[in-house]
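S.K.: TSV, C-alpha atoms, saved as model_17.tsv, coming up:
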chain	number	residue	atom	x	y	z
O	177	MET	CA	-1.73	27.30	-0.03
O	178	GLY	CA	-3.32	25.64	2.98
O	179	VAL	CA	-5.18	22.98	1.05
O	180	CYS	CA	-2.10	22.19	-0.99
O	181	VAL	CA	0.05	21.74	2.06
O	182	VAL	CA	-2.52	19.62	3.85
O	183	ALA	CA	-2.62	17.29	0.86
O	184	ILE	CA	1.13	16.87	0.98
O	185	VAL	CA	1.06	16.09	4.68
O	186	LEU	CA	-1.51	13.38	4.08
O	187	ILE	CA	0.57	11.71	1.40
O	188	ALA	CA	3.16	10.87	4.01
O	189	THR	CA	0.81	8.37	5.63
O	190	ALA	CA	-1.15	7.21	2.64
O	191	GLY	CA	1.24	4.51	1.52
O	192	GLY	CA	0.17	1.77	3.89
O	193	VAL	CA	-1.64	0.74	7.00
O	194	GLN	CA	-1.20	3.30	9.72
O	195	VAL	CA	-1.05	2.30	13.35
O	196	PHE	CA	-2.64	4.70	15.79
O	197	ASP	CA	-2.09	5.33	19.46
O	198	GLN	CA	-5.71	4.26	19.87
O	199	ASP	CA	-4.82	0.78	18.64
O	200	HIS	CA	-3.30	0.16	22.06
O	201	PRO	CA	-5.14	-0.17	25.40
O	202	VAL	CA	-5.05	2.37	28.21
O	203	VAL	CA	-2.79	0.96	30.92
O	204	GLU	CA	-0.99	2.04	34.06
O	205	ILE	CA	2.66	1.17	34.56
O	206	SER	CA	4.18	2.44	37.75
O	207	TYR	CA	7.12	2.23	40.08
O	208	ARG	CA	5.91	2.39	43.67
O	209	PRO	CA	8.70	1.84	46.15
O	210	PRO	CA	7.73	0.74	49.66
O	211	PRO	CA	7.03	3.48	52.21
O	212	SER	CA	10.06	4.79	54.05
O	213	ASP	CA	11.08	7.82	56.05
O	214	SER	CA	13.24	9.05	53.19
O	215	LYS	CA	10.64	8.68	50.48
O	216	ASN	CA	9.43	11.78	48.64
O	217	GLY	CA	5.70	11.98	49.19
O	218	THR	CA	5.01	13.75	45.91
O	219	PRO	CA	4.61	11.27	43.06
O	220	LEU	CA	5.75	11.99	39.54
O	221	LEU	CA	2.85	11.40	37.18
O	222	LEU	CA	3.48	10.92	33.47
O	223	LEU	CA	0.54	11.25	31.11
O	224	GLY	CA	1.77	9.21	28.16
O	225	GLY	CA	0.45	6.96	25.46
O	226	MET	CA	0.93	9.57	22.75
O	227	GLY	CA	2.33	7.26	21.45
O	228	PRO	CA	2.76	4.29	23.74
O	229	LEU	CA	6.40	3.60	22.86
O	230	ALA	CA	7.33	7.18	23.65
O	231	GLY	CA	5.45	6.96	26.93
O	232	ALA	CA	7.30	3.81	27.93
O	233	GLN	CA	10.61	5.42	27.02
O	234	ALA	CA	9.69	8.45	29.12
O	235	LEU	CA	9.15	6.22	32.14
O	236	GLU	CA	12.47	4.50	31.50
O	237	ARG	CA	14.16	7.88	31.34
O	238	ALA	CA	12.43	9.11	34.49
O	239	LEU	CA	13.61	6.05	36.39
O	240	ALA	CA	17.15	6.41	35.06
O	241	THR	CA	17.22	10.06	36.11
O	242	LEU	CA	15.79	9.21	39.52
O	243	ARG	CA	18.35	6.46	40.03
O	244	ALA	CA	21.23	8.75	39.06
O	245	LYS	CA	20.04	11.55	41.32
O	246	MET	CA	19.46	9.17	44.22
O	247	ASP	CA	22.97	7.80	43.79
O	248	ALA	CA	24.28	11.37	43.83
O	249	GLY	CA	22.27	12.16	46.93
O	250	GLU	CA	20.24	14.79	45.07
O	251	SER	CA	16.81	13.16	45.14
O	252	GLN	CA	14.71	10.90	47.29
O	253	ASP	CA	12.94	7.80	46.12
O	254	ARG	CA	9.41	8.44	44.93
O	255	ASP	CA	6.49	6.94	43.08
O	256	VAL	CA	6.67	7.34	39.31
O	257	ILE	CA	3.34	6.61	37.67
O	258	LEU	CA	2.74	6.36	33.94
O	259	LEU	CA	-0.76	6.38	32.51
O	260	GLN	CA	-0.68	5.37	28.88
O	261	ALA	CA	-3.63	7.47	27.74
O	262	THR	CA	-3.76	6.07	24.25
O	263	CYS	CA	-7.41	7.09	24.06
O	264	ILE	CA	-6.50	10.72	23.42
O	265	PRO	CA	-7.37	11.56	19.81
O	266	ASP	CA	-4.67	12.47	17.33
O	267	ARG	CA	-3.61	16.00	18.16
O	268	THR	CA	-2.38	17.12	14.75
O	269	SER	CA	-5.49	15.74	13.05
O	270	ALA	CA	-7.71	17.72	15.38
O	271	ILE	CA	-5.77	20.91	14.75
O	272	MET	CA	-6.01	20.37	11.02
O	273	ALA	CA	-9.70	19.54	11.28
O	274	SER	CA	-10.25	22.89	12.93
O	275	GLY	CA	-9.24	24.52	9.68
O	276	MET	CA	-5.61	25.28	10.39
O	277	SER	CA	-2.99	24.58	7.77
O	278	LEU	CA	0.75	24.37	7.71
O	279	ASP	CA	2.48	27.57	6.73
O	280	LEU	CA	6.21	27.25	7.26
O	281	THR	CA	6.78	30.95	6.67
O	282	ALA	CA	4.23	32.29	9.16
O	283	SER	CA	5.39	34.43	12.06
O	284	PRO	CA	4.89	33.19	15.63
O	285	SER	CA	2.29	35.90	16.24
O	286	ASP	CA	0.27	34.73	13.25
O	287	LEU	CA	0.54	31.15	14.41
O	288	HIS	CA	-0.62	32.20	17.85
O	289	SER	CA	-3.65	34.03	16.48
O	290	ALA	CA	-4.62	31.04	14.37
O	291	GLY	CA	-4.18	28.76	17.35
O	292	GLN	CA	-6.49	30.85	19.51
O	293	ALA	CA	-9.20	30.55	16.92
O	294	CYS	CA	-8.72	26.79	16.85
O	295	THR	CA	-9.19	26.07	20.54
O	296	THR	CA	-12.97	26.32	20.51
O	297	HIS	CA	-13.40	24.13	17.45
O	298	GLU	CA	-15.28	20.87	18.06
O	299	GLU	CA	-12.34	18.57	17.39
O	300	CYS	CA	-9.99	20.57	19.58
O	301	VAL	CA	-12.51	20.66	22.43
O	302	GLN	CA	-12.85	16.89	22.06
O	303	VAL	CA	-9.11	16.42	22.44
O	304	SER	CA	-9.01	18.70	25.47
O	305	HIS	CA	-11.95	16.85	26.98
O	306	THR	CA	-10.31	13.45	26.52
O	307	ILE	CA	-7.13	14.77	28.11
O	308	ALA	CA	-9.24	16.01	31.02
O	309	CYS	CA	-10.87	12.58	31.34
O	310	SER	CA	-7.43	10.97	31.23
O	311	LEU	CA	-6.18	13.30	33.94
O	312	ALA	CA	-9.20	12.35	36.05
O	313	ALA	CA	-8.22	8.70	35.66
O	314	ALA	CA	-4.60	9.51	36.43
O	315	GLU	CA	-5.57	11.37	39.58
O	316	ALA	CA	-7.36	8.26	40.79
O	317	LEU	CA	-4.07	6.35	40.51
O	318	LEU	CA	-2.30	8.64	42.96
O	319	PRO	CA	-1.74	7.36	46.49
O	320	TRP	CA	-4.50	8.72	48.67
O	321	GLU	CA	-2.03	10.28	51.06
O	322	ALA	CA	-0.27	12.31	48.35
O	323	GLU	CA	-1.47	15.88	48.51
O	324	ALA	CA	0.08	16.80	45.20
O	325	ALA	CA	1.76	15.30	42.16
O	326	ASP	CA	4.25	16.57	39.63
O	327	LEU	CA	2.58	16.17	36.24
O	328	VAL	CA	4.43	15.80	32.96
O	329	VAL	CA	2.39	15.36	29.78
O	330	THR	CA	4.74	13.44	27.51
O	331	CYS	CA	3.46	14.75	24.20
O	332	ASN	CA	4.54	18.11	22.88
O	333	THR	CA	1.48	18.75	20.71
O	334	ALA	CA	-0.80	17.86	23.62
O	335	HIS	CA	0.50	20.97	25.36
O	336	PHE	CA	-1.66	22.99	23.02
O	337	PHE	CA	-4.73	21.36	24.59
O	338	THR	CA	-3.57	20.94	28.18
O	339	PRO	CA	-4.60	24.40	29.46
O	340	ALA	CA	-8.18	23.84	28.31
O	341	ALA	CA	-8.11	20.29	29.69
O	342	LEU	CA	-7.02	21.53	33.09
O	343	ASP	CA	-9.75	24.17	32.98
O	344	MET	CA	-12.32	21.46	32.32
O	345	LEU	CA	-10.95	19.39	35.17
O	346	ARG	CA	-11.02	22.37	37.53
O	347	GLU	CA	-14.61	23.03	36.55
O	348	ASP	CA	-15.91	19.48	37.01
O	349	ARG	CA	-13.44	18.00	39.51
O	350	PRO	CA	-11.71	20.83	41.32
O	351	MET	CA	-10.24	18.61	44.05
O	352	ALA	CA	-8.57	16.42	41.46
O	353	ALA	CA	-7.23	19.36	39.48
O	354	ALA	CA	-5.78	20.93	42.60
O	355	ARG	CA	-3.44	17.97	43.08
O	356	PHE	CA	-1.58	18.54	39.80
O	357	SER	CA	1.47	20.72	39.37
O	358	GLN	CA	2.24	20.63	35.66
O	359	HIS	CA	5.74	20.90	34.24
O	360	SER	CA	5.73	21.90	30.58
O	361	LEU	CA	7.91	20.19	28.00
O	362	ILE	CA	7.74	23.34	25.91
O	363	GLU	CA	9.03	25.58	28.67
O	364	GLY	CA	11.66	23.04	29.71
O	365	ALA	CA	13.02	22.64	26.20
O	366	THR	CA	12.93	26.37	25.54
O	367	ALA	CA	14.99	27.00	28.67
O	368	ALA	CA	17.44	24.32	27.55
O	369	ALA	CA	17.65	25.93	24.11
O	370	VAL	CA	18.41	29.28	25.68
O	371	ALA	CA	21.19	27.70	27.68
O	372	ALA	CA	22.53	25.89	24.62
O	373	VAL	CA	22.44	28.55	21.93
O	374	GLY	CA	21.43	31.80	23.59
O	375	GLY	CA	23.70	34.63	22.55
O	376	SER	CA	25.44	32.60	19.88
O	377	GLY	CA	23.23	33.95	17.11
O	378	GLY	CA	22.52	30.42	16.01
O	379	GLY	CA	19.05	29.06	15.48
O	380	ALA	CA	17.22	26.12	17.00
O	381	PHE	CA	15.68	23.68	14.56
O	382	ILE	CA	12.23	22.48	15.59
O	383	MET	CA	11.66	18.85	14.69
O	384	ALA	CA	8.03	18.42	15.61
O	385	SER	CA	4.61	17.34	14.48
O	386	SER	CA	2.78	19.57	12.05
O	387	GLY	CA	0.33	20.34	14.84
O	388	THR	CA	3.11	21.69	17.01
O	389	LEU	CA	4.43	23.82	14.15
O	390	MET	CA	0.99	25.06	13.13
O	391	THR	CA	0.21	26.31	16.62
O	392	GLY	CA	3.60	27.91	17.18
O	393	LEU	CA	4.09	26.08	20.46
O	394	TYR	CA	7.86	26.37	20.27
O	395	SER	CA	8.42	29.32	17.96
O	396	PHE	CA	6.67	31.78	20.31
O	397	GLY	CA	8.78	31.01	23.33
O	398	LEU	CA	12.00	30.84	21.35
O	399	ASP	CA	11.28	34.16	19.73
O	400	GLN	CA	10.62	35.76	23.09
O	401	GLU	CA	14.04	34.58	24.17
O	402	GLY	CA	15.64	36.02	21.05
O	403	ILE	CA	16.37	32.66	19.50
O	404	LYS	CA	15.65	32.12	15.85
O	405	SER	CA	13.45	29.09	15.29
O	406	LEU	CA	14.10	27.04	12.20
O	407	VAL	CA	11.65	24.65	10.59
O	408	PRO	CA	11.86	22.28	7.61
O	409	PRO	CA	12.47	24.31	4.46
O	410	THR	CA	9.68	22.68	2.47
O	411	PRO	CA	6.28	21.13	3.22
O	412	LYS	CA	7.51	17.89	1.69
O	413	LEU	CA	10.32	17.62	4.23
O	414	GLN	CA	7.85	18.37	7.06
O	415	ALA	CA	5.67	15.62	5.62
O	416	GLY	CA	8.73	13.42	6.01
O	417	VAL	CA	8.87	14.27	9.71
O	418	MET	CA	5.22	13.31	10.10
O	419	GLY	CA	5.82	10.14	8.13
O	420	ALA	CA	8.72	9.23	10.40
O	421	ILE	CA	6.65	9.94	13.53
O	422	ASN	CA	3.85	7.72	12.27
O	423	SER	CA	6.36	5.06	11.26
O	424	VAL	CA	7.68	4.92	14.83
O	425	LYS	CA	4.11	4.38	15.99
O	426	GLY	CA	3.85	1.61	13.39
O	427	ALA	CA	7.17	-0.01	14.39
O	428	ASP	CA	8.33	0.35	10.78
O	429	THR	CA	12.05	1.13	10.94
O	430	ALA	CA	12.57	1.08	7.18
O	431	ALA	CA	9.87	3.70	6.78
O	432	VAL	CA	11.44	5.82	9.52
O	433	VAL	CA	14.68	5.85	7.53
O	434	ALA	CA	12.92	6.61	4.26
O	435	HIS	CA	10.90	9.49	5.68
O	436	ALA	CA	13.51	11.16	7.87
O	437	THR	CA	16.75	10.85	5.91
O	438	PRO	CA	15.94	13.53	3.29
O	439	LEU	CA	15.38	16.15	5.98
O	440	PHE	CA	18.80	15.65	7.50
O	441	GLN	CA	20.42	15.51	4.09
O	442	ALA	CA	18.89	18.93	3.47
O	443	LEU	CA	20.00	20.28	6.86
O	444	ARG	CA	23.49	19.00	6.25
O	445	GLU	CA	23.71	20.84	2.95
O	446	LEU	CA	22.49	24.21	4.17
O	447	GLU	CA	24.69	27.05	3.00
O	448	ALA	CA	24.30	28.78	6.33
O	449	GLY	CA	25.55	25.72	8.11
O	450	PRO	CA	23.73	23.33	10.42
O	451	PRO	CA	21.45	24.60	13.20
O	452	ALA	CA	23.10	25.28	16.53
O	453	ALA	CA	20.69	22.88	18.17
O	454	VAL	CA	17.81	20.60	17.32
O	455	ILE	CA	14.77	20.52	19.57
O	456	ALA	CA	13.39	17.00	19.47
O	457	GLY	CA	9.91	18.44	19.74
O	458	CYS	CA	7.97	15.23	19.36
O	459	THR	CA	8.35	12.31	21.73
O	460	GLU	CA	8.90	9.97	18.79
O	461	ASP	CA	11.97	11.99	17.77
O	462	GLN	CA	14.19	10.16	20.23
O	463	GLN	CA	13.53	6.95	18.32
O	464	ILE	CA	13.85	8.62	14.92
O	465	LEU	CA	17.22	10.16	15.76
O	466	ALA	CA	18.50	6.93	17.29
O	467	THR	CA	17.58	5.13	14.08
O	468	LEU	CA	19.27	7.75	11.90
O	469	ARG	CA	22.47	7.55	13.96
O	470	THR	CA	22.84	3.81	13.60
O	471	HIS	CA	20.82	2.28	10.79
O	472	GLU	CA	22.94	0.87	7.99
O	473	ASP	CA	20.53	2.07	5.30
O	474	VAL	CA	21.20	5.69	6.30
O	475	PRO	CA	24.13	7.15	4.33
O	476	LYS	CA	27.23	7.37	6.50
O	477	GLU	CA	27.53	11.12	6.07
O	478	VAL	CA	23.97	11.53	7.37
O	479	ARG	CA	24.61	9.19	10.30
O	480	ASP	CA	27.68	11.20	11.21
O	481	PHE	CA	25.84	14.47	10.76
O	482	VAL	CA	22.95	13.43	13.01
O	483	SER	CA	25.43	12.17	15.60
O	484	SER	CA	27.18	15.54	15.58
O	485	LEU	CA	24.05	17.59	16.26
O	486	GLN	CA	23.31	19.10	19.63
O	487	VAL	CA	19.90	17.67	20.44
O	488	ILE	CA	17.59	19.09	23.10
O	489	GLU	CA	15.15	16.51	24.37
O	490	PRO	CA	12.22	18.15	26.16
O	491	VAL	CA	11.43	15.16	28.37
O	492	GLU	CA	15.03	15.01	29.54
O	493	ALA	CA	15.13	18.76	30.12
O	494	VAL	CA	12.06	18.57	32.36
O	495	PHE	CA	13.14	15.46	34.23
O	496	ASN	CA	16.48	17.03	35.03
O	497	LYS	CA	14.61	19.70	36.95
O	498	VAL	CA	11.63	17.81	38.33
O	499	VAL	CA	12.88	14.34	39.27
Q	293	MET	CA	15.70	27.39	5.78
Q	294	ALA	CA	12.33	28.78	6.72
Q	295	THR	CA	12.40	31.00	9.74
Q	296	ALA	CA	9.62	31.87	12.11
Q	297	ALA	CA	10.25	35.35	13.40
Q	298	GLY	CA	8.57	38.41	14.76
Q	299	ALA	CA	6.64	37.07	17.71
Q	300	GLN	CA	4.49	39.47	19.65
Q	301	ALA	CA	3.17	37.20	22.38
Q	302	ILE	CA	4.30	34.52	24.75
Q	303	VAL	CA	2.92	31.20	23.68
Q	304	GLY	CA	2.26	29.69	27.07
Q	305	THR	CA	0.26	32.59	28.35
Q	306	ALA	CA	-1.47	33.32	25.11
Q	307	VAL	CA	-2.53	29.79	24.28
Q	308	ALA	CA	-3.57	29.17	27.83
Q	309	ALA	CA	-5.82	32.20	27.69
Q	310	GLY	CA	-7.30	31.18	24.40
Q	311	ALA	CA	-7.83	27.58	25.36
Q	312	GLY	CA	-9.26	28.55	28.68
Q	313	ALA	CA	-11.77	30.77	27.01
Q	314	GLY	CA	-12.70	27.90	24.74
Q	315	ALA	CA	-13.28	25.56	27.60
Q	316	GLY	CA	-15.16	27.96	29.77
Q	317	SER	CA	-17.20	30.11	27.49
Q	318	GLY	CA	-16.85	29.00	23.89
Q	319	ALA	CA	-19.19	26.93	21.79
Q	320	GLY	CA	-17.38	23.79	22.83
Q	321	ALA	CA	-18.11	24.32	26.50
Q	322	ALA	CA	-21.84	24.25	25.98
Q	323	SER	CA	-21.75	20.93	24.16
Q	324	ARG	CA	-19.00	19.08	25.94
Q	325	LYS	CA	-19.66	16.12	28.17
Q	326	PRO	CA	-18.78	16.08	31.87
Q	327	VAL	CA	-15.26	15.02	32.79
Q	328	VAL	CA	-15.40	11.30	33.63
Q	329	PRO	CA	-12.28	9.17	34.17
Q	330	VAL	CA	-11.35	7.03	31.18
Q	331	TYR	CA	-11.26	3.27	31.69
Q	332	VAL	CA	-7.84	1.87	32.54
Q	333	SER	CA	-7.72	-1.68	31.28
Q	334	SER	CA	-4.80	-2.98	33.34
Q	335	HIS	CA	-2.47	-1.91	36.13
Q	336	HIS	CA	1.17	-2.93	36.36
Q	337	ARG	CA	2.77	-1.84	39.62
Q	338	PHE	CA	6.30	-2.62	40.77
Q	339	ASP	CA	8.14	-1.93	43.99
Q	340	THR	CA	11.62	-2.12	42.48
Q	341	MET	CA	13.07	-0.21	39.52
Q	342	GLU	CA	14.53	-3.41	38.11
Q	343	SER	CA	11.19	-5.19	37.93
Q	344	CYS	CA	9.55	-2.09	36.44
Q	345	LEU	CA	12.25	-1.72	33.79
Q	346	SER	CA	12.06	-5.40	32.98
Q	347	PHE	CA	8.33	-5.12	32.43
Q	348	LEU	CA	8.81	-2.01	30.31
Q	349	GLN	CA	11.08	-3.93	27.96
Q	350	SER	CA	8.49	-6.63	27.43
Q	351	TYR	CA	5.80	-3.98	27.11
Q	352	LYS	CA	7.76	-2.21	24.37
Q	353	ASP	CA	8.31	-5.51	22.58
Q	354	GLY	CA	4.57	-6.05	22.78
Q	355	ILE	CA	3.86	-2.64	21.26
Q	356	ASP	CA	6.18	-3.41	18.37
Q	357	ALA	CA	4.60	-6.81	17.85
Q	358	ARG	CA	1.10	-5.39	17.94
Q	359	ALA	CA	1.98	-2.62	15.51
Q	360	SER	CA	3.72	-5.03	13.14
Q	361	LYS	CA	0.73	-7.35	13.25
Q	362	LEU	CA	-1.62	-4.50	12.45
Q	363	ARG	CA	0.52	-3.41	9.53
Q	364	ALA	CA	0.78	-6.95	8.23
Q	365	SER	CA	-2.95	-7.46	8.51
Q	366	GLY	CA	-3.53	-4.93	5.76
Q	367	ARG	CA	-6.32	-3.39	7.78
Q	368	GLU	CA	-7.80	-0.46	6.00
Q	369	LYS	CA	-6.49	2.51	7.84
Q	370	VAL	CA	-8.63	5.28	9.15
Q	371	ARG	CA	-8.16	7.85	6.47
Q	372	LEU	CA	-6.72	11.11	7.61
Q	373	SER	CA	-8.69	12.84	4.90
Q	374	SER	CA	-11.72	12.53	7.15
Q	375	GLU	CA	-9.78	14.25	9.94
Q	376	ARG	CA	-12.53	13.32	12.37
Q	377	TRP	CA	-10.65	11.10	14.75
Q	378	VAL	CA	-12.47	12.09	17.87
Q	379	CYS	CA	-13.15	8.87	19.73
Q	380	ALA	CA	-13.36	9.20	23.50
Q	381	SER	CA	-12.04	5.82	24.54
Q	382	TRP	CA	-9.90	3.01	23.29
Q	383	LEU	CA	-12.83	0.61	23.21
Q	384	SER	CA	-14.94	2.89	21.06
Q	385	CYS	CA	-12.05	3.39	18.67
Q	386	SER	CA	-11.26	-0.26	18.06
Can you give me the file's structure in the form of structure tokens?
M.R.:
Amino acid sequence: MGVCVVAIVLIATAGGVQVFDQDHPVVEISYRPPPSDSKNGTPLLLLGGMGPLAGAQALERALATLRAKMDAGESQDRDVILLQATCIPDRTSAIMASGMSLDLTASPSDLHSAGQACTTHEECVQVSHTIACSLAAAEALLPWEAEAADLVVTCNTAHFFTPAALDMLREDRPMAAARFSQHSLIEGATAAAVAAVGGSGGGAFIMASSGTLMTGLYSFGLDQEGIKSLVPPTPKLQAGVMGAINSVKGADTAAVVAHATPLFQALRELEAGPPAAVIAGCTEDQQILATLRTHEDVPKEVRDFVSSLQVIEPVEAVFNKVV
Amino acid sequence: MATAAGAQAIVGTAVAAGAGAGAGSGAGAASRKPVVPVYVSSHHRFDTMESCLSFLQSYKDGIDARASKLRASGREKVRLSSERWVCASWLSCS
């Protein structure tokens, strides 16, 4: 079963040249307003670059949220710093290399057990280590006078590795680690899902990388909250999600449409009806969904269907609380 | 629709515990390198939101252009079948 599914996942990216996050340089992009009495002294630090477009969009969204809250008198101006850590190895590939496979019928507890076994595997340790090294670089970007920073890692799958990365940082650079207060996309989106569908009996569809699904990052928390988590009904449709994610990284809009449309056609035709909410559980999902809502090559009924869905965007959920 | 049900643990706590054990006492901890900051190739700092957003637009256009160029180049992709994409820095990956 595992080998079969892995093969299908790979087919989604085998058709052409794939563009990786690592094809782009590591850069800092930051908004640093001049000092003032009303400025918030705690910077917001975004660890992005996974992929770079999603990281840039996260910074745009953070600034938009900050502007809106400042206009409403709810927030003070503050530094918002984005480190595009494109050096971080592919998260799903590392999880798969550790021997995990995609099983869309597995229970959250099984996924959790498998994930625990994965964390000490060489590839997973390497990802955690590179995240730790990226956090060390990010810490050096903070203003010296800032005692702490709100940290948001703008990649859902990276959350599987972040606890180990922070442990490594604490071990080698405890002063740096002590400055970070992390805000989890997973927890933020789960709380938003509870608010959106809790008590309705409806399920939340998880649109995420195979790595996120394999490790049960979302399904555990949702299940604890009594919310049914829904995933693509077949490995082929999940391969389509991965293909669409990789196509966003490759700036290939036609491929995004080709990969993602079948999934939403299938969701639209479910006998049980559409999911109560969709968790956009990969930072590329924002771009995928925007394309599906507007692209002329997407059948009109699918465009309308995607437009009608209640979408929970983890980055937005976290920014609404943190910014 | 496939359904994941029957959880017995909280993911955040459980994964954190597992990952922490991996970092601190697992096989990976013994072989891992020290934490050293990655190299940041350029810094773009702005004191107004408008200038930052303006730069972000050009940055995103640049990402698209770079990705399109890579796709058009026909570069042989790093095959996922190897599943060994473990480079530690952008420079060593290029």
S.K.: Please indicate the distance in Å from CA of Gly416 (chain O) to CA of Leu439 (chain O), rounded to one decimal place.
M.R.: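 About the pair CA of Gly416 (chain O) and CA of Leu439 (chain O): they are 7.2 Å apart.
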S.K.: For each of O:Leu342, O:Leu406, O:Ala261, O:Ala354, take the minimum atom-to-atom distance to chain Q, counting only C-alpha atoms, then give the residue where this is smallest.
M.R.: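 Among O:Leu342, O:Leu406, O:Ala261, O:Ala354, it is O:Leu406 that comes nearest to chain Q.
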S.K.: Residues of chain O that approach chain Q to 6 Å or less, counting only C-alpha atoms: could you list each one with the shortest pair of atoms and its distance in Å to one decimal, rows by chain and increasing residue number, as JSON lines?
M.R.:
{"residue": "O:Val193", "atom": "CA", "partner": "Q:Lys369", "partner_atom": "CA", "distance": 5.2}
{"residue": "O:Gln194", "atom": "CA", "partner": "Q:Lys369", "partner_atom": "CA", "distance": 5.7}
{"residue": "O:Gln198", "atom": "CA", "partner": "Q:Trp382", "partner_atom": "CA", "distance": 5.6}
{"residue": "O:Val202", "atom": "CA", "partner": "Q:Val332", "partner_atom": "CA", "distance": 5.2}
{"residue": "O:Val203", "atom": "CA", "partner": "Q:Ser334", "partner_atom": "CA", "distance": 5.0}
{"residue": "O:Glu204", "atom": "CA", "partner": "Q:His335", "partner_atom": "CA", "distance": 4.7}
{"residue": "O:Ile205", "atom": "CA", "partner": "Q:His336", "partner_atom": "CA", "distance": 4.7}
{"residue": "O:Ser206", "atom": "CA", "partner": "Q:Arg337", "partner_atom": "CA", "distance": 4.9}
{"residue": "O:Tyr207", "atom": "CA", "partner": "Q:Phe338", "partner_atom": "CA", "distance": 5.0}
{"residue": "O:Arg208", "atom": "CA", "partner": "Q:Asp339", "partner_atom": "CA", "distance": 4.9}
{"residue": "O:Pro209", "atom": "CA", "partner": "Q:Asp339", "partner_atom": "CA", "distance": 4.4}
{"residue": "O:Cys263", "atom": "CA", "partner": "Q:Ser381", "partner_atom": "CA", "distance": 4.8}
{"residue": "O:Pro265", "atom": "CA", "partner": "Q:Val378", "partner_atom": "CA", "distance": 5.5}
{"residue": "O:Ser269", "atom": "CA", "partner": "Q:Glu375", "partner_atom": "CA", "distance": 5.5}
{"residue": "O:Ala273", "atom": "CA", "partner": "Q:Glu375", "partner_atom": "CA", "distance": 5.5}
{"residue": "O:Thr281", "atom": "CA", "partner": "Q:Ala294", "partner_atom": "CA", "distance": 6.0}
{"residue": "O:Ser283", "atom": "CA", "partner": "Q:Ala296", "partner_atom": "CA", "distance": 4.9}
{"residue": "O:Pro284", "atom": "CA", "partner": "Q:Ala299", "partner_atom": "CA", "distance": 4.7}
{"residue": "O:Ser285", "atom": "CA", "partner": "Q:Ala299", "partner_atom": "CA", "distance": 4.7}
{"residue": "O:Gln292", "atom": "CA", "partner": "Q:Gly310", "partner_atom": "CA", "distance": 5.0}
{"residue": "O:Thr295", "atom": "CA", "partner": "Q:Ala311", "partner_atom": "CA", "distance": 5.2}
{"residue": "O:Thr296", "atom": "CA", "partner": "Q:Gly314", "partner_atom": "CA", "distance": 4.5}
{"residue": "O:Glu298", "atom": "CA", "partner": "Q:Gly320", "partner_atom": "CA", "distance": 6.0}
{"residue": "O:Val301", "atom": "CA", "partner": "Q:Gly320", "partner_atom": "CA", "distance": 5.8}
{"residue": "O:Cys309", "atom": "CA", "partner": "Q:Pro329", "partner_atom": "CA", "distance": 4.7}
{"residue": "O:Ser310", "atom": "CA", "partner": "Q:Val330", "partner_atom": "CA", "distance": 5.6}
{"residue": "O:Ala312", "atom": "CA", "partner": "Q:Pro329", "partner_atom": "CA", "distance": 4.8}
{"residue": "O:Ala313", "atom": "CA", "partner": "Q:Pro329", "partner_atom": "CA", "distance": 4.4}
{"residue": "O:Pro339", "atom": "CA", "partner": "Q:Ala308", "partner_atom": "CA", "distance": 5.1}
{"residue": "O:Ala340", "atom": "CA", "partner": "Q:Ala311", "partner_atom": "CA", "distance": 4.8}
{"residue": "O:Phe396", "atom": "CA", "partner": "Q:Val303", "partner_atom": "CA", "distance": 5.1}
{"residue": "O:Gly397", "atom": "CA", "partner": "Q:Ile302", "partner_atom": "CA", "distance": 5.9}
{"residue": "O:Asp399", "atom": "CA", "partner": "Q:Ala299", "partner_atom": "CA", "distance": 5.8}
{"residue": "O:Ser405", "atom": "CA", "partner": "Q:Ala296", "partner_atom": "CA", "distance": 5.7}
{"residue": "O:Leu406", "atom": "CA", "partner": "Q:Thr295", "partner_atom": "CA", "distance": 5.0}
{"residue": "O:Val407", "atom": "CA", "partner": "Q:Ala294", "partner_atom": "CA", "distance": 5.7}
{"residue": "O:Pro409", "atom": "CA", "partner": "Q:Met293", "partner_atom": "CA", "distance": 4.7}
{"residue": "O:Gly426", "atom": "CA", "partner": "Q:Ala359", "partner_atom": "CA", "distance": 5.1}
{"residue": "O:Ala427", "atom": "CA", "partner": "Q:Asp356", "partner_atom": "CA", "distance": 5.3}
S.K.: Provide the CA of Val494 (chain O) to CA of His305 (chain O) distance in Å, to one decimal place.
M.R.: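 Atom-to-atom, CA of Val494 (chain O) to CA of His305 (chain O), that is 24.7 Å.
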S.K.: How many Å lie between CA of Arg479 (chain O) and CA of Gln463 (chain O), rounded to one decimal?
M.R.: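 Taking CA of Arg479 (chain O) and CA of Gln463 (chain O), their separation equals 13.9 Å.
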S.K.: From the list O:Asn332, O:Ser212, O:Asn496, O:Ser423, which residue is nearest Tyr394 (chain O) when using all atoms listed in the file?
M.R.: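 With all atoms listed in the file as the atom set, the closest residue is O:Asn332.
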S.K.: Excluding same-chain residues fewer than 5 positions from Val474 (chain O), what lies within 7 Å of it counting only C-alpha atoms, as a PyMOL selection string?
M.R.: chain O and resi 433+437+468+479
S.K.: So, counting only C-alpha atoms, which residue among O:Lys404, O:Arg267, O:His200, O:His335 is closest to Pro228 (chain O)?
M.R.: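 Comparing O:Lys404, O:Arg267, O:His200, O:His335 against Pro228 (chain O), the winner is O:His200.
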